[in-house]
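Trainee: PDB, C-alpha atoms, pLDDT in the B column, saved as target_36.pdb, coming up:
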```pdb
ATOM      1  CA  MET X  99      63.162 -74.173  12.338  1.00 76.00           C
ATOM      2  CA  VAL X 100      61.380 -76.652  10.065  1.00 92.00           C
ATOM      3  CA  LYS X 101      62.424 -80.163   9.116  1.00 95.00           C
ATOM      4  CA  TYR X 102      62.192 -80.762   5.367  1.00 96.00           C
ATOM      5  CA  PHE X 103      61.925 -84.143   3.668  1.00 96.00           C
ATOM      6  CA  CYS X 104      61.931 -84.949  -0.046  1.00 97.00           C
ATOM      7  CA  ASN X 105      62.191 -88.134  -2.069  1.00 95.00           C
ATOM      8  CA  THR X 106      61.209 -89.468  -5.468  1.00 96.00           C
ATOM      9  CA  ALA X 107      60.062 -92.856  -6.680  1.00 96.00           C
ATOM     10  CA  ASP X 108      59.164 -94.617  -9.918  1.00 96.00           C
ATOM     11  CA  ILE X 109      55.878 -96.504  -9.687  1.00 96.00           C
ATOM     12  CA  ARG X 110      55.795 -99.330 -12.230  1.00 94.00           C
ATOM     13  CA  SER X 111      52.204 -98.754 -13.279  1.00 94.00           C
ATOM     14  CA  THR X 112      50.364 -96.454 -15.652  1.00 94.00           C
ATOM     15  CA  TRP X 113      49.220 -93.076 -14.407  1.00 95.00           C
ATOM     16  CA  ASP X 114      45.555 -94.029 -14.951  1.00 94.00           C
ATOM     17  CA  HIS X 115      45.898 -97.050 -12.686  1.00 93.00           C
ATOM     18  CA  VAL X 116      47.783 -95.081 -10.046  1.00 95.00           C
ATOM     19  CA  VAL X 117      45.040 -92.447  -9.901  1.00 95.00           C
ATOM     20  CA  SER X 118      42.363 -95.127  -9.643  1.00 93.00           C
ATOM     21  CA  ALA X 119      44.295 -96.911  -6.890  1.00 94.00           C
ATOM     22  CA  PHE X 120      44.803 -93.622  -5.035  1.00 95.00           C
ATOM     23  CA  TRP X 121      41.056 -93.386  -4.339  1.00 92.00           C
ATOM     24  CA  GLN X 122      40.857 -96.997  -3.230  1.00 92.00           C
ATOM     25  CA  ARG X 123      43.959 -97.379  -1.085  1.00 91.00           C
ATOM     26  CA  TYR X 124      42.032 -97.500   2.228  1.00 92.00           C
ATOM     27  CA  PRO X 125      41.574 -99.802   3.960  1.00 91.00           C
ATOM     28  CA  ASN X 126      44.726-101.823   3.414  1.00 92.00           C
ATOM     29  CA  PRO X 127      46.847-104.008   5.728  1.00 92.00           C
ATOM     30  CA  PHE X 128      49.739-101.502   5.699  1.00 91.00           C
ATOM     31  CA  SER X 129      47.727 -98.480   6.882  1.00 90.00           C
ATOM     32  CA  THR X 130      45.789 -99.738   9.877  1.00 89.00           C
ATOM     33  CA  HIS X 131      46.489 -96.395  11.598  1.00 87.00           C
ATOM     34  CA  VAL X 132      44.025 -94.765   9.171  1.00 91.00           C
ATOM     35  CA  LEU X 133      40.663 -95.115  10.926  1.00 90.00           C
ATOM     36  CA  THR X 134      38.190 -93.205   8.744  1.00 93.00           C
ATOM     37  CA  GLU X 135      37.982 -91.199   5.507  1.00 93.00           C
ATOM     38  CA  ASP X 136      35.216 -88.928   4.225  1.00 95.00           C
ATOM     39  CA  VAL X 137      34.899 -86.818   1.084  1.00 95.00           C
ATOM     40  CA  VAL X 138      33.744 -83.336   2.124  1.00 95.00           C
ATOM     41  CA  TYR X 139      34.048 -81.550  -1.221  1.00 95.00           C
ATOM     42  CA  ARG X 140      34.304 -82.499  -4.883  1.00 95.00           C
ATOM     43  CA  GLU X 141      34.163 -80.467  -8.079  1.00 95.00           C
ATOM     44  CA  VAL X 142      35.032 -80.845 -11.747  1.00 94.00           C
ATOM     45  CA  THR X 143      36.314 -77.497 -13.025  1.00 95.00           C
ATOM     46  CA  ALA X 144      35.710 -75.936 -16.446  1.00 95.00           C
ATOM     47  CA  ASP X 145      39.135 -77.179 -17.586  1.00 94.00           C
ATOM     48  CA  ASN X 146      38.218 -80.752 -16.507  1.00 93.00           C
ATOM     49  CA  ARG X 147      40.348 -80.903 -13.378  1.00 96.00           C
ATOM     50  CA  LEU X 148      38.925 -82.883 -10.462  1.00 96.00           C
ATOM     51  CA  LEU X 149      39.238 -81.070  -7.124  1.00 97.00           C
ATOM     52  CA  SER X 150      38.606 -83.067  -3.957  1.00 97.00           C
ATOM     53  CA  ARG X 151      38.889 -82.566  -0.223  1.00 97.00           C
ATOM     54  CA  ARG X 152      38.872 -85.478   2.181  1.00 97.00           C
ATOM     55  CA  LEU X 153      38.897 -85.649   5.958  1.00 97.00           C
ATOM     56  CA  LEU X 154      40.843 -88.555   7.460  1.00 96.00           C
ATOM     57  CA  MET X 155      41.227 -89.654  11.067  1.00 94.00           C
ATOM     58  CA  LYS X 156      44.392 -91.485  12.094  1.00 91.00           C
ATOM     59  CA  THR X 157      45.818 -92.800  15.342  1.00 86.00           C
ATOM     60  CA  ASN X 158      48.446 -90.556  16.884  1.00 71.00           C
ATOM     61  CA  ARG X 159      50.531 -92.546  19.360  1.00 70.00           C
ATOM     62  CA  LEU X 160      52.999 -90.372  21.241  1.00 66.00           C
ATOM     63  CA  PRO X 161      56.545 -91.477  22.139  1.00 63.00           C
ATOM     64  CA  ARG X 162      57.074 -92.434  25.774  1.00 67.00           C
ATOM     65  CA  TRP X 163      58.997 -89.286  26.649  1.00 64.00           C
ATOM     66  CA  ALA X 164      56.169 -87.145  25.239  1.00 63.00           C
ATOM     67  CA  GLU X 165      53.511 -88.988  27.235  1.00 62.00           C
ATOM     68  CA  VAL X 166      55.189 -87.712  30.403  1.00 64.00           C
ATOM     69  CA  LEU X 167      54.932 -84.106  29.222  1.00 61.00           C
ATOM     70  CA  PHE X 168      51.382 -84.036  27.898  1.00 62.00           C
ATOM     71  CA  PRO X 169      48.020 -84.715  29.593  1.00 59.00           C
ATOM     72  CA  THR X 170      46.822 -88.315  29.731  1.00 57.00           C
ATOM     73  CA  GLY X 171      43.430 -87.168  28.423  1.00 55.00           C
ATOM     74  CA  MET X 172      44.969 -85.723  25.272  1.00 58.00           C
ATOM     75  CA  SER X 173      43.367 -87.100  22.123  1.00 60.00           C
ATOM     76  CA  ARG X 174      45.321 -89.941  20.543  1.00 76.00           C
ATOM     77  CA  SER X 175      43.665 -89.340  17.162  1.00 84.00           C
ATOM     78  CA  VAL X 176      44.685 -86.776  14.584  1.00 90.00           C
ATOM     79  CA  TYR X 177      42.450 -85.284  11.893  1.00 93.00           C
ATOM     80  CA  ILE X 178      44.010 -84.796   8.477  1.00 96.00           C
ATOM     81  CA  ILE X 179      42.806 -82.675   5.561  1.00 97.00           C
ATOM     82  CA  GLU X 180      43.772 -83.962   2.129  1.00 98.00           C
ATOM     83  CA  ASP X 181      43.315 -81.728  -0.922  1.00 98.00           C
ATOM     84  CA  SER X 182      43.864 -83.301  -4.322  1.00 97.00           C
ATOM     85  CA  ILE X 183      43.849 -82.105  -7.914  1.00 97.00           C
ATOM     86  CA  VAL X 184      43.593 -84.549 -10.798  1.00 97.00           C
ATOM     87  CA  ASP X 185      44.656 -82.961 -14.094  1.00 97.00           C
ATOM     88  CA  PRO X 186      43.837 -85.408 -16.925  1.00 94.00           C
ATOM     89  CA  VAL X 187      45.188 -83.067 -19.594  1.00 94.00           C
ATOM     90  CA  ASN X 188      48.686 -82.810 -18.116  1.00 95.00           C
ATOM     91  CA  ARG X 189      48.289 -86.258 -16.538  1.00 96.00           C
ATOM     92  CA  SER X 190      49.185 -85.253 -13.012  1.00 97.00           C
ATOM     93  CA  LEU X 191      47.755 -85.827  -9.543  1.00 98.00           C
ATOM     94  CA  THR X 192      48.788 -83.354  -6.841  1.00 98.00           C
ATOM     95  CA  THR X 193      47.902 -83.850  -3.182  1.00 98.00           C
ATOM     96  CA  TYR X 194      48.451 -81.573  -0.209  1.00 98.00           C
ATOM     97  CA  THR X 195      47.779 -82.751   3.347  1.00 98.00           C
ATOM     98  CA  TRP X 196      48.080 -81.236   6.818  1.00 97.00           C
ATOM     99  CA  ASN X 197      46.874 -81.985  10.347  1.00 95.00           C
ATOM    100  CA  LEU X 198      44.026 -80.023  11.935  1.00 94.00           C
ATOM    101  CA  ASN X 199      44.637 -80.790  15.607  1.00 88.00           C
ATOM    102  CA  HIS X 200      47.787 -81.099  17.767  1.00 85.00           C
ATOM    103  CA  THR X 201      49.342 -78.352  15.623  1.00 90.00           C
ATOM    104  CA  THR X 202      51.153 -76.775  18.573  1.00 85.00           C
ATOM    105  CA  LEU X 203      52.764 -80.109  19.388  1.00 86.00           C
ATOM    106  CA  MET X 204      53.618 -80.859  15.772  1.00 90.00           C
ATOM    107  CA  SER X 205      52.499 -79.696  12.347  1.00 95.00           C
ATOM    108  CA  VAL X 206      53.092 -81.924   9.317  1.00 96.00           C
ATOM    109  CA  GLU X 207      52.439 -80.657   5.801  1.00 97.00           C
ATOM    110  CA  GLU X 208      52.931 -82.951   2.843  1.00 98.00           C
ATOM    111  CA  ARG X 209      52.795 -82.486  -0.919  1.00 98.00           C
ATOM    112  CA  CYS X 210      52.839 -85.335  -3.424  1.00 98.00           C
ATOM    113  CA  ILE X 211      52.935 -85.021  -7.201  1.00 98.00           C
ATOM    114  CA  PHE X 212      52.203 -88.056  -9.376  1.00 98.00           C
ATOM    115  CA  ARG X 213      53.123 -87.481 -13.030  1.00 98.00           C
ATOM    116  CA  ASP X 214      52.947 -89.646 -16.110  1.00 96.00           C
ATOM    117  CA  SER X 215      56.473 -90.523 -17.246  1.00 94.00           C
ATOM    118  CA  VAL X 216      57.285 -89.478 -20.778  1.00 89.00           C
ATOM    119  CA  GLU X 217      60.572 -91.357 -20.931  1.00 91.00           C
ATOM    120  CA  GLN X 218      59.482 -94.586 -19.221  1.00 92.00           C
ATOM    121  CA  PRO X 219      56.351 -96.302 -20.596  1.00 89.00           C
ATOM    122  CA  ALA X 220      53.790 -97.556 -18.061  1.00 92.00           C
ATOM    123  CA  THR X 221      55.567 -95.689 -15.248  1.00 96.00           C
ATOM    124  CA  THR X 222      54.350 -92.956 -12.905  1.00 97.00           C
ATOM    125  CA  LEU X 223      56.812 -90.574 -11.267  1.00 98.00           C
ATOM    126  CA  LEU X 224      56.176 -89.578  -7.662  1.00 98.00           C
ATOM    127  CA  LYS X 225      57.742 -86.635  -5.851  1.00 98.00           C
ATOM    128  CA  ARG X 226      56.958 -86.448  -2.121  1.00 97.00           C
ATOM    129  CA  GLU X 227      57.794 -83.466   0.109  1.00 97.00           C
ATOM    130  CA  ALA X 228      57.090 -82.812   3.791  1.00 97.00           C
ATOM    131  CA  TRP X 229      57.552 -79.920   6.212  1.00 97.00           C
ATOM    132  CA  ILE X 230      57.563 -80.751   9.932  1.00 97.00           C
ATOM    133  CA  SER X 231      57.499 -78.106  12.666  1.00 96.00           C
ATOM    134  CA  SER X 232      56.724 -77.815  16.382  1.00 93.00           C
ATOM    135  CA  GLY X 233      55.727 -74.926  18.609  1.00 90.00           C
ATOM    136  CA  VAL X 234      56.719 -76.530  21.920  1.00 87.00           C
ATOM    137  CA  TYR X 235      59.367 -74.290  23.439  1.00 86.00           C
ATOM    138  CA  GLY X 236      62.500 -76.158  24.439  1.00 85.00           C
ATOM    139  CA  PHE X 237      61.373 -79.442  22.873  1.00 84.00           C
ATOM    140  CA  SER X 238      60.768 -78.477  19.250  1.00 90.00           C
ATOM    141  CA  ARG X 239      63.924 -80.146  17.936  1.00 92.00           C
ATOM    142  CA  PRO X 240      63.373 -83.658  19.405  1.00 88.00           C
ATOM    143  CA  ILE X 241      59.681 -83.459  18.453  1.00 88.00           C
ATOM    144  CA  GLN X 242      60.612 -82.590  14.870  1.00 94.00           C
ATOM    145  CA  GLU X 243      63.166 -85.418  14.778  1.00 93.00           C
ATOM    146  CA  PHE X 244      60.505 -87.829  16.039  1.00 89.00           C
ATOM    147  CA  GLY X 245      58.008 -86.482  13.489  1.00 91.00           C
ATOM    148  CA  LEU X 246      60.489 -86.904  10.647  1.00 94.00           C
ATOM    149  CA  ALA X 247      61.280 -90.491  11.659  1.00 92.00           C
ATOM    150  CA  ARG X 248      57.584 -91.324  11.917  1.00 90.00           C
ATOM    151  CA  PHE X 249      56.863 -89.662   8.570  1.00 93.00           C
ATOM    152  CA  LYS X 250      59.570 -91.716   6.856  1.00 93.00           C
ATOM    153  CA  SER X 251      58.114 -94.896   8.343  1.00 90.00           C
ATOM    154  CA  ASN X 252      54.564 -93.961   7.365  1.00 89.00           C
ATOM    155  CA  GLN X 253      55.470 -93.001   3.800  1.00 91.00           C
ATOM    156  CA  VAL X 254      56.968 -96.489   3.299  1.00 92.00           C
ATOM    157  CA  LYS X 255      53.670 -97.940   4.519  1.00 91.00           C
ATOM    158  CA  ALA X 256      51.793 -95.536   2.228  1.00 93.00           C
ATOM    159  CA  MET X 257      53.706 -96.821  -0.797  1.00 94.00           C
ATOM    160  CA  LYS X 258      52.995-100.424   0.180  1.00 93.00           C
ATOM    161  CA  GLY X 259      49.328 -99.533   0.605  1.00 93.00           C
ATOM    162  CA  LEU X 260      49.226 -97.970  -2.856  1.00 94.00           C
ATOM    163  CA  GLU X 261      50.914-101.040  -4.340  1.00 93.00           C
ATOM    164  CA  TYR X 262      48.336-103.192  -2.550  1.00 92.00           C
ATOM    165  CA  ALA X 263      45.506-101.183  -4.125  1.00 93.00           C
ATOM    166  CA  LEU X 264      47.189-101.402  -7.529  1.00 93.00           C
ATOM    167  CA  SER X 265      47.417-105.184  -7.252  1.00 90.00           C
ATOM    168  CA  ASN X 266      43.676-105.302  -6.559  1.00 88.00           C
ATOM    169  CA  LEU X 267      43.005-103.380  -9.771  1.00 85.00           C
ATOM    170  CA  GLN X 268      44.800-105.790 -12.084  1.00 76.00           C
ATOM    171  CA  GLY X 269      42.626-106.650 -15.046  1.00 60.00           C
ATOM    172  CA  GLU X 270      40.227-103.764 -14.399  1.00 56.00           C
ATOM    173  CA  THR X 271      39.653-100.769 -16.673  1.00 52.00           C
ATOM    174  CA  PRO X 272      41.060 -97.692 -14.880  1.00 48.00           C
ATOM    175  CA  GLN X 273      38.767 -95.208 -16.623  1.00 50.00           C
ATOM    176  CA  ARG X 274      35.668 -97.080 -15.436  1.00 51.00           C
ATOM    177  CA  LEU X 275      37.078 -97.471 -11.942  1.00 50.00           C
ATOM    178  CA  LEU X 276      37.792 -93.752 -11.671  1.00 52.00           C
ATOM    179  CA  ARG X 277      34.313 -92.851 -12.959  1.00 55.00           C
ATOM    180  CA  ASP X 278      32.613 -95.181 -10.475  1.00 54.00           C
ATOM    181  CA  THR X 279      34.805 -93.956  -7.633  1.00 51.00           C
ATOM    182  CA  VAL X 280      33.974 -90.319  -8.350  1.00 51.00           C
ATOM    183  CA  LYS X 281      30.258 -91.148  -8.471  1.00 54.00           C
ATOM    184  CA  ASP X 282      30.324 -92.999  -5.136  1.00 54.00           C
ATOM    185  CA  ALA X 283      32.472 -90.353  -3.465  1.00 49.00           C
ATOM    186  CA  SER X 284      30.223 -87.542  -4.680  1.00 52.00           C
ATOM    187  CA  GLU X 285      27.255 -89.168  -2.953  1.00 56.00           C
ATOM    188  CA  LYS X 286      29.281 -89.564   0.248  1.00 50.00           C
ATOM    189  CA  ALA X 287      30.412 -85.953  -0.005  1.00 50.00           C
ATOM    190  CA  LYS X 288      26.828 -84.687   0.085  1.00 54.00           C
ATOM    191  CA  GLU X 289      26.203 -86.586   3.324  1.00 54.00           C
ATOM    192  CA  ALA X 290      29.504 -85.614   4.940  1.00 49.00           C
ATOM    193  CA  ALA X 291      29.161 -81.947   3.970  1.00 51.00           C
ATOM    194  CA  LYS X 292      25.914 -81.656   5.938  1.00 52.00           C
ATOM    195  CA  SER X 293      27.569 -82.747   9.179  1.00 46.00           C
ATOM    196  CA  LEU X 294      30.762 -80.736   8.598  1.00 46.00           C
ATOM    197  CA  ALA X 295      29.267 -77.533   7.207  1.00 46.00           C
ATOM    198  CA  SER X 296      29.502 -75.824  10.577  1.00 42.00           C
ATOM    199  CA  ALA X 297      33.121 -76.839  11.240  1.00 41.00           C
ATOM    200  CA  ALA X 298      35.155 -73.651  10.897  1.00 41.00           C
ATOM    201  CA  ALA X 299      38.430 -75.576  10.616  1.00 45.00           C
ATOM    202  CA  VAL X 300      37.274 -77.326   7.442  1.00 43.00           C
ATOM    203  CA  PRO X 301      36.775 -74.809   4.618  1.00 42.00           C
ATOM    204  CA  GLN X 302      34.331 -75.728   1.894  1.00 46.00           C
ATOM    205  CA  LYS X 303      36.572 -75.542  -1.148  1.00 48.00           C
ATOM    206  CA  PRO X 304      40.046 -77.018  -1.614  1.00 51.00           C
ATOM    207  CA  GLN X 305      42.870 -74.624  -2.351  1.00 54.00           C
ATOM    208  CA  GLN X 306      44.590 -75.092  -5.686  1.00 50.00           C
ATOM    209  CA  TYR X 307      48.247 -75.628  -4.877  1.00 45.00           C
ATOM    210  CA  VAL X 308      49.437 -76.102  -8.434  1.00 40.00           C
TER     211      VAL X 308
END
```
Please re-express this file's structure in structure tokens.

Mentor:
Amino acid sequence: MVKYFCNTADIRSTWDHVVSAFWQRYPNPFSTHVLTEDVVYREVTADNRLLSRRLLMKTNRLPRWAEVLFPTGMSRSVYIIEDSIVDPVNRSLTTYTWNLNHTTLMSVEERCIFRDSVEQPATTLLKREAWISSGVYGFSRPIQEFGLARFKSNQVKAMKGLEYALSNLQGETPQRLLRDTVKDASEKAKEAAKSLASAAAVPQKPQQYV
């Protein structure tokens, strides 16, 4: 049994600005649970799509009833892989994220698609989906319910964080911002890849989910 979540939203900003803000949304005052982010892979394909993989670390506070069931020494941080594909031709940004650790307790997979709106000028359409599952026998249902409630809360914070980043970009040229961001992230990726090359759980190349 898997809990499924889906919603859509209209972001009142151009697709170019949304993509630029996407790379610069951390840190922000609405996502203090996101502790670190590192680019571990980046590539521009022959058809000009930008493929990226990032590793994020977030806090993972358990509910009180779960703290009774699980060891006190259990890590309270969760590692997240985020694959993204920027398609400038079709003007879309697709992201796919999932957690690397605590997967038996709870697995959360999320897909977001940001598309340029044809009907509404200066508007970006967002479709967000999530699949939440648990492998804890006898407790999977309450864990999934908790995970769904937390996901809904976090996705509201994520939208506020994106809006915060968009407000910081007012008056800037999105094409220049994206170019500079890619350049900086590529340099970080070279450093991060050296330390993560031996990590079997982090494959080198992002999967293309679209």

Trainee: Applied to the shown file, which residues does the PyMOL selection byres ((chain X and resi 265) around 12) return, written as a PyMOL selection string?

Mentor: chain X and resi 110-111+115-116+118-119+122-123+126+258-264+266-270

Trainee: Which residue, X:Ser238, X:Thr134, X:Ser205, X:Thr112, has the smallest gap to Lys156 of chain X when you use all atoms listed in the file?

Mentor: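 Ranked by minimum distance to Lys156 of chain X, first place goes to X:Thr134.
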
Trainee: Run the PyMOL selection byres ((chain X and resi 228) around 6) on the file and write out the hits as a list of chain:residue names.

Mentor: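 When the PyMOL selection byres ((chain X and resi 228) around 6) is applied, the selected residues are X:Tyr102, X:Phe103, X:Glu207, X:Glu208, X:Glu227, X:Trp229.
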
Trainee: Please evaluate the PyMOL selection byres ((chain X and resi 210) around 8) against the displayed coordinates and give the resulting residues as a PyMOL selection string.

Mentor: chain X and resi 191-194+208-209+211-212+224-227

Trainee: Nearest to Gln218 of chain X among X:Met99, X:Ile109, X:Cys104, X:Leu148, with distances taken over all atoms listed in the file: which residue is it?

Mentor: X:Ile109

Trainee: Report, in Å to a single decimal, how far apart atom CA of Asp181 of chain X and atom CA of Glu243 of chain X are.

Mentor: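 About the pair atom CA of Glu243 of chain X and atom CA of Asp181 of chain X: they are 25.6 Å apart.
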
Trainee: What separation in Å, quoted to one decimal, exists between atom CA of Gln253 of chain X and atom CA of Phe237 of chain X?

Mentor: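 It comes out at 24.1 Å.
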
Trainee: In Å, with one decimal, what is the gap from atom CA of Thr222 of chain X to atom CA of Asp114 of chain X?

Mentor: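 Answer for the atom CA of Thr222 of chain X to atom CA of Asp114 of chain X separation: 9.1 Å.
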
Trainee: What lies within 9 Å of Ile241 of chain X using all atoms listed in the file, ignoring chain neighbours under 3 positions off, as a PyMOL selection string?

Mentor: chain X and resi 164+203-204+231-232+234+237-238+244-246

Trainee: Let's have the selection written as an mmCIF file, in the frame of the given file, with C-alpha atoms.

Mentor:
```
data_model
loop_
_atom_site.group_PDB
_atom_site.id
_atom_site.type_symbol
_atom_site.label_atom_id
_atom_site.label_comp_id
_atom_site.auth_asym_id
_atom_site.auth_seq_id
_atom_site.Cartn_x
_atom_site.Cartn_y
_atom_site.Cartn_z
ATOM 1 C CA ALA X 164 56.169 -87.145 25.239
ATOM 2 C CA LEU X 203 52.764 -80.109 19.388
ATOM 3 C CA MET X 204 53.618 -80.859 15.772
ATOM 4 C CA SER X 231 57.499 -78.106 12.666
ATOM 5 C CA SER X 232 56.724 -77.815 16.382
ATOM 6 C CA VAL X 234 56.719 -76.530 21.920
ATOM 7 C CA PHE X 237 61.373 -79.442 22.873
ATOM 8 C CA SER X 238 60.768 -78.477 19.250
ATOM 9 C CA PHE X 244 60.505 -87.829 16.039
ATOM 10 C CA GLY X 245 58.008 -86.482 13.489
ATOM 11 C CA LEU X 246 60.489 -86.904 10.647
#
```

Trainee: I'd like the neighbourhood of Asn188 of chain X as a PyMOL selection string, where a residue qualifies if any of its atoms comes within 10 Å (using all atoms listed in the file), though same-chain residues fewer than 4 positions away should be ignored.

Mentor: chain X and resi 147+184+213-214

Trainee: Could you name the residues that touch Glu135 of chain X at 9 Å or less, counting all atoms listed in the file, but leaving out those on the same chain fewer than 2 positions away, as a PyMOL selection string?

Mentor: chain X and resi 124+132-133+137+152-155

Trainee: Find, counting all atoms listed in the file, the residue in X:Leu149, X:Val138, X:Ala220, X:Ile230 that gets nearest to Lys250 of chain X.

Mentor: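 Among the listed residues, the smallest separation from Lys250 of chain X belongs to X:Ile230.
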
Trainee: Which polymer residues, whether protein, DNA or RNA, lie within 8 Å of the coordinate (45.1, -81.9, 11.5) when you count only C-alpha atoms? List them as a ChimeraX atom specification, using the chain letters and numbers from the file.

Mentor: /X:176-179,196-201,205

Trainee: Which residue, X:Val117, X:Leu223, X:Ala247, X:Val187, has the smallest gap to Asn105 of chain X when you use all atoms listed in the file?

Mentor: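 Among X:Val117, X:Leu223, X:Ala247, X:Val187, it is X:Leu223 that comes nearest to Asn105 of chain X.
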
Trainee: With the input short on atoms, add N, CA, C and O atoms back to segment 235-252 of chain X and write it as an mmCIF file, keeping the file's coordinate frame.

Mentor:
```
data_model
loop_
_atom_site.group_PDB
_atom_site.id
_atom_site.type_symbol
_atom_site.label_atom_id
_atom_site.label_comp_id
_atom_site.auth_asym_id
_atom_site.auth_seq_id
_atom_site.Cartn_x
_atom_site.Cartn_y
_atom_site.Cartn_z
ATOM 1 N N TYR X 235 58.111 -74.953 23.085
ATOM 2 C CA TYR X 235 59.367 -74.290 23.439
ATOM 3 C C TYR X 235 60.281 -75.241 24.214
ATOM 4 O O TYR X 235 59.876 -75.888 25.176
ATOM 5 N N GLY X 236 61.527 -75.324 23.762
ATOM 6 C CA GLY X 236 62.500 -76.158 24.439
ATOM 7 C C GLY X 236 62.519 -77.611 23.995
ATOM 8 O O GLY X 236 63.481 -78.334 24.286
ATOM 9 N N PHE X 237 61.453 -78.042 23.300
ATOM 10 C CA PHE X 237 61.373 -79.442 22.873
ATOM 11 C C PHE X 237 61.092 -79.563 21.365
ATOM 12 O O PHE X 237 60.820 -80.659 20.887
ATOM 13 N N SER X 238 61.136 -78.439 20.668
ATOM 14 C CA SER X 238 60.768 -78.477 19.250
ATOM 15 C C SER X 238 61.694 -79.378 18.433
ATOM 16 O O SER X 238 61.243 -80.117 17.548
ATOM 17 N N ARG X 239 62.986 -79.347 18.734
ATOM 18 C CA ARG X 239 63.924 -80.146 17.936
ATOM 19 C C ARG X 239 63.689 -81.645 18.080
ATOM 20 O O ARG X 239 63.566 -82.349 17.064
ATOM 21 N N PRO X 240 63.631 -82.207 19.310
ATOM 22 C CA PRO X 240 63.373 -83.658 19.405
ATOM 23 C C PRO X 240 62.005 -84.050 18.854
ATOM 24 O O PRO X 240 61.849 -85.146 18.310
ATOM 25 N N ILE X 241 61.005 -83.161 18.992
ATOM 26 C CA ILE X 241 59.681 -83.459 18.453
ATOM 27 C C ILE X 241 59.731 -83.517 16.933
ATOM 28 O O ILE X 241 59.147 -84.406 16.300
ATOM 29 N N GLN X 242 60.473 -82.586 16.321
ATOM 30 C CA GLN X 242 60.612 -82.590 14.870
ATOM 31 C C GLN X 242 61.369 -83.825 14.392
ATOM 32 O O GLN X 242 61.025 -84.411 13.355
ATOM 33 N N GLU X 243 62.406 -84.211 15.143
ATOM 34 C CA GLU X 243 63.166 -85.418 14.778
ATOM 35 C C GLU X 243 62.269 -86.653 14.844
ATOM 36 O O GLU X 243 62.317 -87.518 13.976
ATOM 37 N N PHE X 244 61.452 -86.714 15.915
ATOM 38 C CA PHE X 244 60.505 -87.829 16.039
ATOM 39 C C PHE X 244 59.506 -87.805 14.888
ATOM 40 O O PHE X 244 59.195 -88.846 14.292
ATOM 41 N N GLY X 245 58.980 -86.603 14.575
ATOM 42 C CA GLY X 245 58.008 -86.482 13.489
ATOM 43 C C GLY X 245 58.588 -86.887 12.153
ATOM 44 O O GLY X 245 57.913 -87.541 11.342
ATOM 45 N N LEU X 246 59.840 -86.537 11.902
ATOM 46 C CA LEU X 246 60.489 -86.904 10.647
ATOM 47 C C LEU X 246 60.669 -88.417 10.552
ATOM 48 O O LEU X 246 60.408 -89.018 9.504
ATOM 49 N N ALA X 247 61.101 -89.036 11.661
ATOM 50 C CA ALA X 247 61.280 -90.491 11.659
ATOM 51 C C ALA X 247 59.950 -91.204 11.435
ATOM 52 O O ALA X 247 59.866 -92.169 10.673
ATOM 53 N N ARG X 248 58.899 -90.710 12.093
ATOM 54 C CA ARG X 248 57.584 -91.324 11.917
ATOM 55 C C ARG X 248 57.083 -91.117 10.492
ATOM 56 O O ARG X 248 56.503 -92.033 9.897
ATOM 57 N N PHE X 249 57.311 -89.928 9.934
ATOM 58 C CA PHE X 249 56.863 -89.662 8.570
ATOM 59 C C PHE X 249 57.537 -90.611 7.589
ATOM 60 O O PHE X 249 56.892 -91.147 6.684
ATOM 61 N N LYS X 250 58.852 -90.811 7.751
ATOM 62 C CA LYS X 250 59.570 -91.716 6.856
ATOM 63 C C LYS X 250 59.001 -93.130 6.941
ATOM 64 O O LYS X 250 58.835 -93.807 5.925
ATOM 65 N N SER X 251 58.689 -93.566 8.155
ATOM 66 C CA SER X 251 58.114 -94.896 8.343
ATOM 67 C C SER X 251 56.734 -94.985 7.705
ATOM 68 O O SER X 251 56.417 -95.967 7.004
ATOM 69 N N ASN X 252 55.927 -93.949 7.902
ATOM 70 C CA ASN X 252 54.564 -93.961 7.365
ATOM 71 C C ASN X 252 54.535 -93.852 5.845
ATOM 72 O O ASN X 252 53.643 -94.418 5.197
#
```
